[in-house]
>>> print(open('model24.txt').read())   # compact mmCIF, C-alpha atoms
# COMPACT_ATOMS: atom_id res chain seq x y z
CA MET A 46 44.54 9.78 6.83
CA ASP A 47 43.53 12.19 9.60
CA THR A 48 41.24 10.98 12.33
CA SER A 49 37.68 12.26 11.91
CA VAL A 50 35.68 12.88 15.06
CA LEU A 51 32.02 13.58 15.73
CA GLU A 52 30.99 14.55 19.27
CA LEU A 53 27.31 14.89 20.20
CA THR A 54 25.75 15.80 23.53
CA LEU A 55 22.20 14.55 23.66
CA ALA A 56 19.25 14.73 26.01
CA PRO A 57 18.52 11.30 27.52
CA ASP A 58 15.30 10.78 25.59
CA TRP A 59 14.13 8.76 22.65
CA ASN A 60 13.73 11.62 20.19
CA ALA A 61 17.35 12.60 20.78
CA VAL A 62 18.44 9.03 20.03
CA ARG A 63 16.55 9.07 16.75
CA SER A 64 17.95 12.47 15.81
CA ALA A 65 21.51 11.11 16.04
CA TRP A 66 21.06 8.77 13.06
CA ASP A 67 21.58 11.29 10.24
CA PRO A 68 24.65 13.09 11.67
CA CYS A 69 26.28 9.75 12.50
CA ARG A 70 25.68 8.20 9.12
CA GLY A 71 26.64 11.39 7.30
CA MET A 72 29.92 11.71 9.20
CA LEU A 73 30.81 8.05 8.59
CA GLU A 74 30.17 8.32 4.86
CA ARG A 75 32.12 11.56 4.58
CA SER A 76 35.00 9.82 6.34
CA GLY A 77 35.28 7.29 3.55
CA LEU A 78 33.35 4.31 4.88
CA ASP A 79 31.13 2.56 2.37
CA ALA A 80 27.34 2.62 2.64
CA ASP A 81 27.07 -0.76 4.39
CA GLU A 82 29.77 0.08 6.95
CA SER A 83 28.24 3.49 7.62
CA TYR A 84 24.81 1.96 8.08
CA ALA A 85 26.10 -0.75 10.41
CA LEU A 86 28.03 1.70 12.59
CA ALA A 87 25.11 4.14 12.73
CA MET A 88 23.07 1.16 13.94
CA VAL A 89 25.72 0.48 16.58
CA ALA A 90 25.46 4.10 17.79
CA GLN A 91 21.67 3.82 17.93
CA GLU A 92 21.76 0.60 19.96
CA LEU A 93 24.27 2.03 22.45
CA LEU A 94 22.26 5.25 22.79
CA GLU A 95 19.04 3.29 23.32
CA ASN A 96 20.71 1.34 26.12
CA ALA A 97 21.95 4.56 27.70
CA VAL A 98 18.44 6.04 27.72
CA LYS A 99 16.81 2.85 29.01
CA TYR A 100 19.26 1.98 31.73
CA GLY A 101 21.00 5.23 32.67
CA ALA A 102 20.44 7.00 36.00
CA ASP A 103 16.95 8.50 36.30
CA ASP A 104 18.38 11.96 36.92
CA ALA A 105 20.99 11.82 34.16
CA GLU A 106 21.07 15.12 32.30
CA VAL A 107 22.98 14.26 29.14
CA ILE A 108 24.34 11.40 27.07
CA GLY A 109 27.61 11.81 25.22
CA LEU A 110 28.27 10.17 21.87
CA SER A 111 31.56 10.18 20.03
CA LEU A 112 32.53 8.64 16.70
CA ARG A 113 36.20 8.43 15.83
CA VAL A 114 37.18 7.25 12.37
CA ALA A 115 40.87 6.40 12.10
CA GLU A 116 42.82 4.63 9.40
CA GLU A 117 42.72 1.26 11.14
CA ASP A 118 39.47 1.36 13.06
CA VAL A 119 36.28 3.17 13.99
CA THR A 120 35.27 3.70 17.62
CA VAL A 121 31.73 4.42 18.72
CA GLU A 122 31.57 5.52 22.36
CA VAL A 123 28.53 6.41 24.44
CA ARG A 124 28.85 7.93 27.93
CA SER A 125 26.04 8.13 30.45
CA ARG A 126 25.66 8.31 34.21
CA VAL A 127 24.62 5.14 36.01
CA GLY A 128 22.92 4.73 39.36
CA VAL A 129 24.75 4.02 42.63
CA ASP A 130 23.50 0.44 42.99
CA ASP A 131 22.95 -0.46 39.42
CA ALA A 132 21.67 -3.95 38.67
CA HIS A 133 21.77 -3.07 35.00
CA LEU A 134 25.51 -2.48 35.17
CA ARG A 135 26.07 -5.98 36.56
CA SER A 136 23.80 -7.46 33.92
CA PHE A 137 25.55 -5.43 31.25
CA ASP A 138 28.94 -6.70 32.44
CA ARG A 139 27.74 -10.32 32.33
CA THR A 140 26.34 -9.87 28.83
CA VAL A 141 29.52 -8.31 27.46
CA GLN A 142 31.63 -11.10 28.98
CA TRP A 143 29.20 -13.68 27.63
CA ILE A 144 29.46 -12.27 24.10
CA ARG A 145 33.26 -12.18 24.36
CA GLY A 146 33.16 -15.87 25.30
CA HIS A 147 31.89 -16.73 21.83
CA GLN A 148 34.48 -17.17 19.15
CA ASP A 149 31.93 -16.19 16.52
CA PRO A 150 29.50 -13.34 17.42
CA PHE A 151 26.96 -14.93 15.09
CA GLU A 152 26.65 -17.77 17.61
CA ALA A 153 26.02 -15.30 20.44
CA TYR A 154 23.38 -13.50 18.39
CA VAL A 155 21.57 -16.71 17.47
CA GLU A 156 21.74 -17.91 21.06
CA ARG A 157 20.18 -14.65 22.26
CA LEU A 158 17.41 -14.99 19.65
CA LYS A 159 16.65 -18.49 20.92
CA GLN A 160 16.58 -17.27 24.52
CA THR A 161 14.22 -14.46 23.50
CA SER A 162 11.95 -16.99 21.81
CA ALA A 163 11.92 -19.32 24.79
CA ARG A 164 10.89 -16.82 27.47
CA PRO A 165 7.59 -14.94 27.86
CA TYR A 166 7.44 -11.60 26.10
CA VAL A 167 8.95 -8.78 28.09
CA PRO A 168 10.18 -5.53 26.55
CA GLY A 169 13.87 -4.81 26.93
CA GLY A 170 16.68 -6.48 28.81
CA SER A 171 17.27 -9.24 26.27
CA GLY A 172 20.88 -8.32 25.51
CA LEU A 173 19.99 -8.70 21.84
CA GLY A 174 21.24 -5.20 21.03
CA LEU A 175 24.73 -5.89 22.38
CA ALA A 176 24.91 -9.21 20.53
CA ARG A 177 23.74 -7.41 17.39
CA ILE A 178 26.52 -4.84 17.78
CA ALA A 179 29.07 -7.66 17.93
CA TYR A 180 27.58 -9.65 15.07
CA GLU A 181 25.99 -7.24 12.61
CA GLY A 182 28.24 -4.33 13.50
CA ARG A 183 31.36 -6.53 13.72
CA CYS A 184 32.46 -4.55 16.76
CA ALA A 185 34.41 -5.47 19.88
CA LEU A 186 32.67 -4.18 23.00
CA ASP A 187 34.39 -2.68 26.01
CA PHE A 188 33.43 -0.39 28.88
CA TYR A 189 34.59 1.33 32.05
CA VAL A 190 32.99 3.31 34.85
CA ASP A 191 34.86 6.40 36.03
CA ALA A 192 34.89 7.97 39.51
CA GLY A 193 31.94 10.14 38.60
CA SER A 194 29.74 7.09 37.88
CA ILE A 195 29.92 7.73 34.15
CA LEU A 196 29.62 4.50 32.16
CA ALA A 197 31.55 4.71 28.90
CA VAL A 198 30.71 1.92 26.46
CA SER A 199 32.81 1.57 23.34
CA ALA A 200 32.33 -0.50 20.21
CA VAL A 201 35.42 -0.78 18.04
CA TYR A 202 35.19 -1.77 14.38
CA ARG A 203 38.39 -2.86 12.70
CA ARG A 204 38.36 -1.55 9.13
CA GLY A 205 39.03 -4.06 6.42
CA GLY A 206 39.04 -6.93 8.93
CA THR A 207 36.74 -9.92 9.16
CA ASP A 208 36.33 -10.03 12.90
CA GLY A 209 35.49 -7.63 15.66
CA MET B 27 -3.92 -10.42 -7.22
CA SER B 28 -4.00 -9.10 -3.68
CA GLU B 29 -5.68 -6.10 -2.14
CA ALA B 30 -4.69 -4.03 0.86
CA VAL B 31 -6.99 -5.00 3.69
CA LYS B 32 -5.65 -2.90 6.49
CA GLN B 33 -2.93 -0.42 7.40
CA TRP B 34 -1.33 0.56 10.66
CA ALA B 35 1.16 3.30 11.46
CA GLU B 36 3.24 4.05 14.51
CA GLY B 37 5.98 6.66 14.45
CA GLU B 38 8.00 6.15 11.28
CA LEU B 39 6.75 2.60 10.75
CA THR B 40 3.83 1.61 8.55
CA LEU B 41 2.39 -1.88 8.18
CA GLU B 42 0.13 -2.89 5.32
CA ALA B 43 -1.76 -6.18 5.27
CA ARG B 44 -2.69 -7.70 1.91
CA GLN B 45 -4.84 -10.78 1.51
CA GLY B 46 -3.82 -13.07 -1.33
CA ALA B 47 -4.71 -16.63 -2.27
CA GLY B 48 -3.89 -18.67 0.82
CA GLU B 49 -1.61 -15.97 2.20
CA LEU B 50 -1.90 -12.87 4.33
CA ARG B 51 1.07 -10.61 3.63
CA LEU B 52 2.18 -7.91 6.03
CA VAL B 53 4.49 -5.41 4.35
CA TRP B 54 6.79 -3.40 6.66
CA ARG B 55 7.91 0.09 5.56
CA GLY B 56 9.91 2.90 7.10
CA ARG B 57 11.76 2.59 10.38
CA SER B 58 10.89 0.65 13.51
CA SER B 59 12.73 2.39 16.31
CA ASP B 60 10.26 2.78 19.16
CA ARG B 61 11.39 2.26 22.73
CA GLU B 62 8.89 -0.58 23.17
CA PRO B 63 7.84 -1.61 19.68
CA GLY B 64 6.02 -4.66 21.03
CA ARG B 65 3.25 -2.46 22.44
CA PHE B 66 2.26 -1.61 18.86
CA LEU B 67 3.37 -4.78 17.08
CA MET B 68 2.20 -7.57 19.36
CA PRO B 69 -1.55 -6.80 19.05
CA VAL B 70 -1.25 -6.42 15.25
CA LEU B 71 0.65 -9.68 14.86
CA SER B 72 -1.72 -11.54 17.20
CA GLN B 73 -4.71 -10.28 15.23
CA LEU B 74 -3.19 -11.41 11.93
CA LEU B 75 -2.18 -14.79 13.29
CA GLU B 76 -5.73 -15.37 14.47
CA SER B 77 -7.07 -14.34 11.06
CA CYS B 78 -4.67 -16.77 9.36
CA ARG B 79 -5.61 -19.56 11.73
CA ARG B 80 -9.30 -19.10 10.92
CA SER B 81 -8.75 -18.94 7.17
CA SER B 82 -6.00 -21.57 7.05
CA SER B 83 -3.71 -19.02 5.41
CA ARG B 84 0.01 -18.55 5.64
CA LEU B 85 1.26 -15.36 7.30
CA CYS B 86 4.09 -13.69 5.38
CA LEU B 87 6.01 -10.88 7.05
CA ASP B 88 7.61 -8.90 4.24
CA PHE B 89 10.49 -6.81 5.60
CA ALA B 90 12.16 -6.10 2.25
CA PRO B 91 11.09 -2.42 2.00
CA LEU B 92 11.98 -1.71 5.65
CA GLU B 93 14.80 0.80 6.15
CA TYR B 94 15.72 0.12 9.79
CA MET B 95 14.63 -1.84 12.81
CA ASN B 96 16.14 -1.67 16.26
CA SER B 97 16.96 -4.81 18.22
CA SER B 98 13.85 -4.31 20.36
CA THR B 99 11.75 -4.94 17.25
CA PHE B 100 13.18 -8.43 16.85
CA THR B 101 11.58 -9.57 20.10
CA PRO B 102 7.94 -9.30 18.92
CA VAL B 103 8.95 -10.80 15.56
CA VAL B 104 10.56 -13.79 17.27
CA LYS B 105 7.52 -14.14 19.54
CA ALA B 106 5.24 -14.08 16.47
CA ILE B 107 7.19 -17.03 15.05
CA ASP B 108 6.71 -18.81 18.35
CA GLU B 109 2.98 -18.05 18.45
CA ALA B 110 2.51 -19.13 14.84
CA ARG B 111 4.18 -22.44 15.56
CA LYS B 112 1.94 -23.04 18.57
CA ALA B 113 -1.20 -22.10 16.59
CA GLY B 114 -0.24 -24.24 13.60
CA VAL B 115 -0.10 -21.22 11.29
CA PRO B 116 2.59 -21.39 8.59
CA ILE B 117 4.74 -18.26 8.74
CA ALA B 118 7.32 -16.86 6.32
CA LEU B 119 9.73 -13.98 6.80
CA GLU B 120 10.92 -12.31 3.62
CA TYR B 121 13.83 -9.91 3.46
CA SER B 122 15.96 -8.09 0.91
CA GLN B 123 19.29 -9.72 0.14
CA ALA B 124 20.37 -6.41 -1.38
CA LYS B 125 20.31 -4.76 2.05
CA LYS B 126 23.29 -6.04 3.97
CA TRP B 127 21.77 -5.38 7.40
CA GLN B 128 18.73 -7.41 6.45
CA ALA B 129 20.83 -10.22 5.00
CA LEU B 130 22.78 -10.43 8.28
CA SER B 131 19.89 -10.06 10.69
CA PHE B 132 17.41 -12.28 8.92
CA SER B 133 19.87 -15.02 8.04
CA ALA B 134 20.32 -15.41 11.81
CA LEU B 135 16.56 -15.91 12.12
CA ARG B 136 16.88 -18.99 9.94
CA THR B 137 17.64 -20.78 13.20
CA PHE B 138 13.84 -20.92 13.64
CA GLU B 139 13.16 -22.56 10.26
CA THR B 140 11.47 -25.92 10.38
CA ALA B 141 12.05 -28.91 8.11
CA ASP B 142 8.37 -29.04 7.11
CA GLY B 143 8.47 -25.42 5.87
CA SER B 144 5.93 -24.15 8.38
CA VAL B 145 8.52 -21.57 9.45
CA SER B 146 10.64 -20.19 6.63
CA VAL B 147 12.99 -17.24 6.19
CA LEU B 148 13.49 -16.20 2.59
CA GLY B 149 15.87 -13.70 1.01
CA ARG B 150 14.84 -12.20 -2.31
>>> encode(input="model24.txt", output="structure tokens")
Amino acid sequence: MDTSVLELTLAPDWNAVRSAWDPCRGMLERSGLDADESYALAMVAQELLENAVKYGADDAEVIGLSLRVAEEDVTVEVRSRVGVDDAHLRSFDRTVQWIRGHQDPFEAYVERLKQTSARPYVPGGSGLGLARIAYEGRCALDFYVDAGSILAVSAVYRRGGTDG
Amino acid sequence: MSEAVKQWAEGELTLEARQGAGELRLVWRGRSSDREPGRFLMPVLSQLLESCRRSSSRLCLDFAPLEYMNSSTFTPVVKAIDEARKAGVPIALEYSQAKKWQALSFSALRTFETADGSVSVLGR
């Protein structure tokens, strides 16, 4: 099977995030993924894009999204510019490492739900989206920051597997 | 027999409250994908919890028709469970087992179920 690729360049705003749903899901279904897989991976793209809009640099001009469907796996990658001294990046790193520390992403997701319940209501910053990507999307999370302060976050779904 | 008592809409999400015998049912439809969904949802859920407390009714949040909710939407839902527990209002979350995303997401919420049934999460 050939690798299918979808590349989108989006404005860093909420309407652009929403507009990415249909092209993502359509591409995934056309690439042979079933309806549940396509839905889950479109959700993964939405969660990563939402994070990029919420926590990217204030003067970021674009967000890049790529979907790569290969025979063995599917990679969702979102690229956005981060600030120079970015507390979010450190928090993001801790959350990704914390999720990786759980053998079963379900446990990480449930733990995040409990933490959300226990603290006063505040919008955002719960890390629930990343845990959801690992659990519901069955994806392994990774990221790097390049010399141009571009944060690239990837979520890799292993096709036909039972773990991320 | 239940009748629609109130409707709310925000973006692509609509909420419809129906009063039944001993139960106030809030049916969720469409997509919940706002940046801060709690700004819309928290006042609605607080209002319904207060109504249930006064009428000694159960609050049922019916997500089965819902097409999508982002992770930010789970925060006000989880807080509603917490508030219901504190107010002594029985609360049930219903979801569609036929929708895989709902089966996964809402089965995780079963962690908040209580042995006395005052908090329940039900797939149908």
>>> atom_distance(input="model24.txt", atom1="CA of Glu76 in chain B", atom2="CA of Val167 in chain A")
21.1 Å
>>> interface_residues(input="model24.txt", of="chain A", to="chain B", cutoff="6 Å", atoms="all atoms listed in the file", output="MDAnalysis selection string")
chainID A and resid 155 162 174
>>> atom_distance(input="model24.txt", atom1="CA of Ser144 in chain B", atom2="CA of Leu71 in chain B")
16.7 Å
>>> residues_around(input="model24.txt", residues="range 190-207 of chain A", least_positions_apart="5", cutoff="8 Å", atoms="only C-alpha atoms", output="ChimeraX atom specification")
/A:89,93,116-129,178,182-185
>>> residues_around(input="model24.txt", residues="Tyr84 in chain A", least_positions_apart="4", cutoff="7 Å", atoms="all atoms listed in the file", output="ChimeraX atom specification")
/A:70,80,88
>>> closest_residue(input="model24.txt", among="A:Leu173, A:Ala61, A:Met72, A:Val107", to="Gln91 in chain A", atoms="all atoms listed in the file")
A:Ala61
>>> residues_around(input="model24.txt", residues="Arg80 in chain B", least_positions_apart="6", cutoff="12 Å", atoms="all atoms listed in the file", output="VMD selection string")
chain B and resid 48 50 73 to 74 113 to 115
>>> atom_distance(input="model24.txt", atom1="CA of Phe137 in chain A", atom2="CA of Leu158 in chain A")
17.1 Å
>>> axis_aligned_box(input="model24.txt", around="range 70-82 of chain A", padding_each_side="5 Å", output="lines of an AutoDock Vina configuration file")
center_x = 30.5
center_y = 5.5
center_z = 5.8
size_x = 19.6
size_y = 22.5
size_z = 16.8
>>> residues_around(input="model24.txt", residues="Ala56 in chain A", least_positions_apart="2", cutoff="10 Å", atoms="all atoms listed in the file", output="MDAnalysis selection string")
chainID A and resid 53:54 58:62 98 105:109
>>> closest_residue(input="model24.txt", among="B:Ile117, B:Gly56, B:Arg111, B:Asp88", to="Arg150 in chain B", atoms="only C-alpha atoms")
B:Asp88
>>> residues_near_point(input="model24.txt", point="(11.5, -11.8, 1.9)", cutoff="6 Å", atoms="all atoms listed in the file", output="CSV table (one decimal) with C-alpha atoms, in the frame of the given file")
chain,number,residue,atom,x,y,z
B,88,ASP,CA,7.6,-8.9,4.2
B,90,ALA,CA,12.2,-6.1,2.2
B,119,LEU,CA,9.7,-14.0,6.8
B,120,GLU,CA,10.9,-12.3,3.6
B,121,TYR,CA,13.8,-9.9,3.5
B,122,SER,CA,16.0,-8.1,0.9
B,148,LEU,CA,13.5,-16.2,2.6
B,149,GLY,CA,15.9,-13.7,1.0
B,150,ARG,CA,14.8,-12.2,-2.3
>>> residues_near_point(input="model24.txt", point="(-2.4, -11.8, 4.8)", cutoff="12 Å", atoms="all atoms listed in the file", output="number ranges by chain")
B: 28-33, 41-53, 70-71, 73-88, 115-118
>>> residues_around(input="model24.txt", residues="range 141-154 of chain A", least_positions_apart="5", cutoff="8 Å", atoms="all atoms listed in the file", output="PyMOL selection string")
(chain A and resi 173+175-177+179-180+183+186-187) or (chain B and resi 134)
>>> build_atoms(input="model24.txt", residues="range 141-165 of chain A", atoms="N, CA and C atoms", output="short mmCIF file (atom, residue, chain, number, x, y, z; two decimals), in the coordinates of the input")
data_model
loop_
_atom_site.label_atom_id
_atom_site.label_comp_id
_atom_site.auth_asym_id
_atom_site.auth_seq_id
_atom_site.Cartn_x
_atom_site.Cartn_y
_atom_site.Cartn_z
N VAL A 141 28.32 -8.59 28.26
CA VAL A 141 29.52 -8.31 27.46
C VAL A 141 30.52 -9.47 27.58
N GLN A 142 30.71 -9.97 28.80
CA GLN A 142 31.63 -11.10 28.98
C GLN A 142 31.11 -12.34 28.25
N TRP A 143 29.82 -12.53 28.29
CA TRP A 143 29.20 -13.68 27.63
C TRP A 143 29.41 -13.61 26.11
N ILE A 144 29.24 -12.43 25.54
CA ILE A 144 29.46 -12.27 24.10
C ILE A 144 30.94 -12.52 23.77
N ARG A 145 31.83 -11.98 24.60
CA ARG A 145 33.26 -12.18 24.36
C ARG A 145 33.64 -13.65 24.42
N GLY A 146 32.87 -14.43 25.17
CA GLY A 146 33.16 -15.87 25.30
C GLY A 146 32.84 -16.67 24.06
N HIS A 147 32.20 -16.04 23.09
CA HIS A 147 31.89 -16.73 21.83
C HIS A 147 32.96 -16.38 20.80
N GLN A 148 33.47 -17.42 20.17
CA GLN A 148 34.48 -17.17 19.15
C GLN A 148 33.87 -16.45 17.96
N ASP A 149 32.62 -16.80 17.65
CA ASP A 149 31.93 -16.19 16.52
C ASP A 149 30.71 -15.43 17.06
N PRO A 150 30.65 -14.09 16.88
CA PRO A 150 29.50 -13.34 17.42
C PRO A 150 28.17 -13.77 16.83
N PHE A 151 28.20 -14.39 15.66
CA PHE A 151 26.96 -14.93 15.09
C PHE A 151 26.32 -15.93 16.04
N GLU A 152 27.17 -16.76 16.67
CA GLU A 152 26.65 -17.77 17.61
C GLU A 152 25.99 -17.09 18.81
N ALA A 153 26.61 -16.02 19.30
CA ALA A 153 26.02 -15.30 20.44
C ALA A 153 24.68 -14.69 20.05
N TYR A 154 24.62 -14.13 18.85
CA TYR A 154 23.38 -13.50 18.39
C TYR A 154 22.26 -14.52 18.26
N VAL A 155 22.58 -15.66 17.64
CA VAL A 155 21.57 -16.71 17.47
C VAL A 155 21.13 -17.25 18.82
N GLU A 156 22.08 -17.41 19.72
CA GLU A 156 21.74 -17.91 21.06
C GLU A 156 20.80 -16.93 21.78
N ARG A 157 21.06 -15.65 21.65
CA ARG A 157 20.18 -14.65 22.26
C ARG A 157 18.79 -14.68 21.63
N LEU A 158 18.72 -14.88 20.31
CA LEU A 158 17.41 -14.99 19.65
C LEU A 158 16.63 -16.18 20.20
N LYS A 159 17.32 -17.29 20.39
CA LYS A 159 16.65 -18.49 20.92
C LYS A 159 16.17 -18.25 22.34
N GLN A 160 16.98 -17.57 23.14
CA GLN A 160 16.58 -17.27 24.52
C GLN A 160 15.36 -16.35 24.53
N THR A 161 15.35 -15.39 23.61
CA THR A 161 14.22 -14.46 23.50
C THR A 161 12.95 -15.22 23.13
N SER A 162 13.09 -16.18 22.24
CA SER A 162 11.95 -16.99 21.81
C SER A 162 11.41 -17.85 22.95
N ALA A 163 12.30 -18.34 23.78
CA ALA A 163 11.92 -19.32 24.79
C ALA A 163 11.24 -18.71 26.01
N ARG A 164 11.45 -17.42 26.25
CA ARG A 164 10.89 -16.82 27.47
C ARG A 164 9.64 -16.01 27.12
N PRO A 165 8.78 -15.77 28.11
CA PRO A 165 7.59 -14.94 27.86
C PRO A 165 8.01 -13.55 27.39
#
